[in-house]
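K.L.:
The following block contains the structure, expressed as structure tokens.
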Amino acid sequence: MKGEGTRTPGTVRSVRIATWNVNSVKQRVPRLLPWLDDRRPDVVCLQETKLTDDAFVDLLGDELADRGYAVALHGEARWNGVAILSRAGLDAVGMGLAGAAGFPHPEARAVSATCGGIRVVSVYVPNGRQPGSEHYRYKLAWLDSLRETVAAAPEATVVCGDMNIAPTDDDVFDPDAYADQTHVTPPERAALAELQALGLHDVVRERWPNERVFTYWDYRAGMFHQDLGMRIDLVLAGASLAERVQAAWVDRQARKGRGPSDHAPVIVDLDEAPDGDIGPVVPPPSAPRAKRGSARLPQST
DNA sequence: ATGCCTGAAGGGTTCAGA
């Protein structure tokens, strides 16, 4: 029997790319598998898997294979950990970044693969902790290595993941609440801007230029319920990919209910044909809504 | 209350996260 997995000739099939900081894949299995079945992404970048590669395969290898996903893994035992799941092809897997700094030792924060002709990089940028700290300098050095890696061929590359940087003050619920903290400082934003200056497009912001869009909400103090968050999980697409974007949105449903990650997935649909008709753009199911409110960070009393 | 949740490792608590 033939025809399995093939498409009807002439059908325009979009490629759905998603990125999600799952905050422990082991804890997120009851959310991750139904989400894959519901959203049916072709390529998924995961961050904070918090598992060794062997443990990841033991936990999810069969479930993912059943769904047609091949996996590229770069994990470690306790913290960090990134992955790419793909049913659009998975070739030329690379772990880490060439020459990347580590502090106090190297960490599992990047994995890359070519999926259906798209160079995909799943990243978990270091947190930075306190501005001026060793961890902060490590974050900036790591971002330099990321830029250098992407610079080799930015055109058909998409960098997906938890950047741990809010690109502008519009990407935090209250700029005053984050004054002088990591994620918003000028050097971090400059490093992100330098990465984007390679020709990468922040496709969610480009589609929702004036909306309140967050991807992370602290677990504490009802921050999600009040929509007091930050937009730090980004999809940065090279020009030849950015022009194919049909939809780009944050899947807030995945942040609701029982046992969520503190991050929501970002989902981007690319049209297959660069020069084809894209057709009408249908609003995503959880389009961002209200304008910004103001409130305090949980600990800022 | 100076980390209000959550997760991991390991040990009866501490560190990390953004």
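Ordered as shown in the structure tokens, chains take letters A, B, and onward, while each chain numbers its residues from 1 and ligands are numbered from 1 in the order shown.
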Identify every residue of chain B that has at least one atom within 7 Å of any atom of chain A, counting only C-alpha atoms (C1' of nucleotides), and report the result as a list in words.
P.N.:
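Written out as asked, the residues are DC4, DC5 and DA8 of chain B.
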K.L.:
How would you write, as a ChimeraX atom specification, the set of residues in range 116-264 of chain A that DSSP gives as alpha helix (DSSP H)?
P.N.:
/A:134-151,186-196,203-207,239-242
K.L.:
Record the distance separating CA of Val120 in chain A and CA of Asn80 in chain A, expressed in Å with one decimal.
P.N.:
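Atom-to-atom, CA of Val120 in chain A to CA of Asn80 in chain A, that is 18.3 Å.
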K.L.:
What lies within 7 Å of range 71-75 of chain A using only C-alpha atoms (C1' of nucleotides), ignoring chain neighbours under 3 positions off, as a VMD selection string?
P.N.:
chain A and resid 49 to 53 80 to 86 93 95 108 111
K.L.:
Keeping only N, CA and C atoms, write those residues as a CSV table (one decimal), in the first residue's frame.
P.N.:
```
chain,number,residue,atom,x,y,z
A,49,THR,N,13.9,20.8,29.5
A,49,THR,CA,13.4,19.4,29.6
A,49,THR,C,13.9,18.8,30.9
A,50,LYS,N,15.0,19.2,31.4
A,50,LYS,CA,15.5,18.7,32.7
A,50,LYS,C,15.7,17.2,32.8
A,51,LEU,N,16.1,16.6,31.7
A,51,LEU,CA,16.3,15.2,31.6
A,51,LEU,C,17.6,14.9,30.8
A,52,THR,N,18.3,13.8,31.2
A,52,THR,CA,19.3,13.3,30.3
A,52,THR,C,18.7,12.8,29.0
A,53,ASP,N,19.5,12.7,28.0
A,53,ASP,CA,19.0,12.2,26.7
A,53,ASP,C,18.4,10.8,26.8
A,80,ASN,N,18.1,22.8,32.8
A,80,ASN,CA,18.3,23.1,31.4
A,80,ASN,C,17.8,22.0,30.5
A,81,GLY,N,18.4,21.8,29.4
A,81,GLY,CA,17.9,20.7,28.5
A,81,GLY,C,17.0,21.2,27.4
A,82,VAL,N,17.4,20.9,26.1
A,82,VAL,CA,16.6,21.3,25.0
A,82,VAL,C,16.4,20.2,24.0
A,83,ALA,N,15.4,20.3,23.2
A,83,ALA,CA,15.1,19.2,22.2
A,83,ALA,C,14.4,19.8,21.0
A,84,ILE,N,14.5,19.1,19.9
A,84,ILE,CA,13.7,19.3,18.7
A,84,ILE,C,12.9,18.0,18.4
A,85,LEU,N,11.6,18.1,18.2
A,85,LEU,CA,10.8,17.0,17.7
A,85,LEU,C,10.4,17.4,16.3
A,86,SER,N,10.5,16.5,15.4
A,86,SER,CA,10.2,16.8,14.0
A,86,SER,C,9.6,15.6,13.3
A,93,VAL,N,22.0,17.1,12.9
A,93,VAL,CA,21.8,17.6,14.3
A,93,VAL,C,23.1,18.1,14.9
A,95,MET,N,24.6,19.6,18.7
A,95,MET,CA,24.4,19.9,20.1
A,95,MET,C,25.2,21.1,20.5
A,108,ALA,N,23.5,22.5,28.9
A,108,ALA,CA,22.7,22.0,27.7
A,108,ALA,C,21.7,23.0,27.3
A,111,VAL,N,20.2,23.1,20.8
A,111,VAL,CA,20.3,22.0,19.8
A,111,VAL,C,19.8,22.5,18.5
```
K.L.:
Where does DSSP see strand (DSSP E) in range 31-97 of chain A, if you list the residues as a PyMOL selection string?
P.N.:
chain A and resi 43-47+70-74+82-86+91-95
K.L.:
Please produce a file of those selected residues containing C-alpha atoms, as a PDB file, in the first residue's frame.
P.N.:
```pdb
ATOM      1  CA  VAL A  43       8.418  20.820  14.448  1.00  0.00           C
ATOM      2  CA  VAL A  44       8.572  21.432  18.199  1.00  0.00           C
ATOM      3  CA  CYS A  45      11.399  23.120  20.058  1.00  0.00           C
ATOM      4  CA  LEU A  46      11.397  22.309  23.768  1.00  0.00           C
ATOM      5  CA  GLN A  47      13.317  23.959  26.582  1.00  0.00           C
ATOM      6  CA  ALA A  70      12.058  12.039  15.318  1.00  0.00           C
ATOM      7  CA  VAL A  71      13.946  13.726  18.152  1.00  0.00           C
ATOM      8  CA  ALA A  72      17.161  15.684  18.537  1.00  0.00           C
ATOM      9  CA  LEU A  73      18.164  15.926  22.185  1.00  0.00           C
ATOM     10  CA  HIS A  74      20.655  17.834  24.254  1.00  0.00           C
ATOM     11  CA  VAL A  82      16.605  21.342  24.978  1.00  0.00           C
ATOM     12  CA  ALA A  83      15.072  19.239  22.234  1.00  0.00           C
ATOM     13  CA  ILE A  84      13.666  19.339  18.727  1.00  0.00           C
ATOM     14  CA  LEU A  85      10.815  17.039  17.728  1.00  0.00           C
ATOM     15  CA  SER A  86      10.178  16.825  14.017  1.00  0.00           C
ATOM     16  CA  ASP A  91      19.094  15.975   9.709  1.00  0.00           C
ATOM     17  CA  ALA A  92      22.440  17.489  10.608  1.00  0.00           C
ATOM     18  CA  VAL A  93      21.801  17.552  14.324  1.00  0.00           C
ATOM     19  CA  GLY A  94      24.127  19.766  16.311  1.00  0.00           C
ATOM     20  CA  MET A  95      24.406  19.901  20.080  1.00  0.00           C
TER      21      MET A  95
END
```
K.L.:
Could you tell me which of A:Ala239, A:Met163, A:Ala55, A:Leu90 comes closest to Ala110 in chain A if we count only C-alpha atoms?
P.N.:
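Comparing A:Ala239, A:Met163, A:Ala55, A:Leu90 against Ala110 in chain A, the winner is A:Met163.
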K.L.:
Check the smallest atom-to-atom distance from each of A:Asp271, A:Leu59, A:Asp144, A:Val22 to DT6 in chain B using only C-alpha atoms (C1' of nucleotides), then report the winner.
P.N.:
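Among the listed residues, A:Val22 lies closest to DT6 in chain B.
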K.L.:
Mind giving me the straight-line distance from CA of Ser112 in chain A to C1' of DA9 in chain B in Å, one decimal?
P.N.:
28.7 Å
K.L.:
Quick one, how far is CA of Met223 in chain A from CA of Ala248 in chain A?
P.N.:
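CA of Ala248 in chain A lies 23.3 Å from CA of Met223 in chain A.
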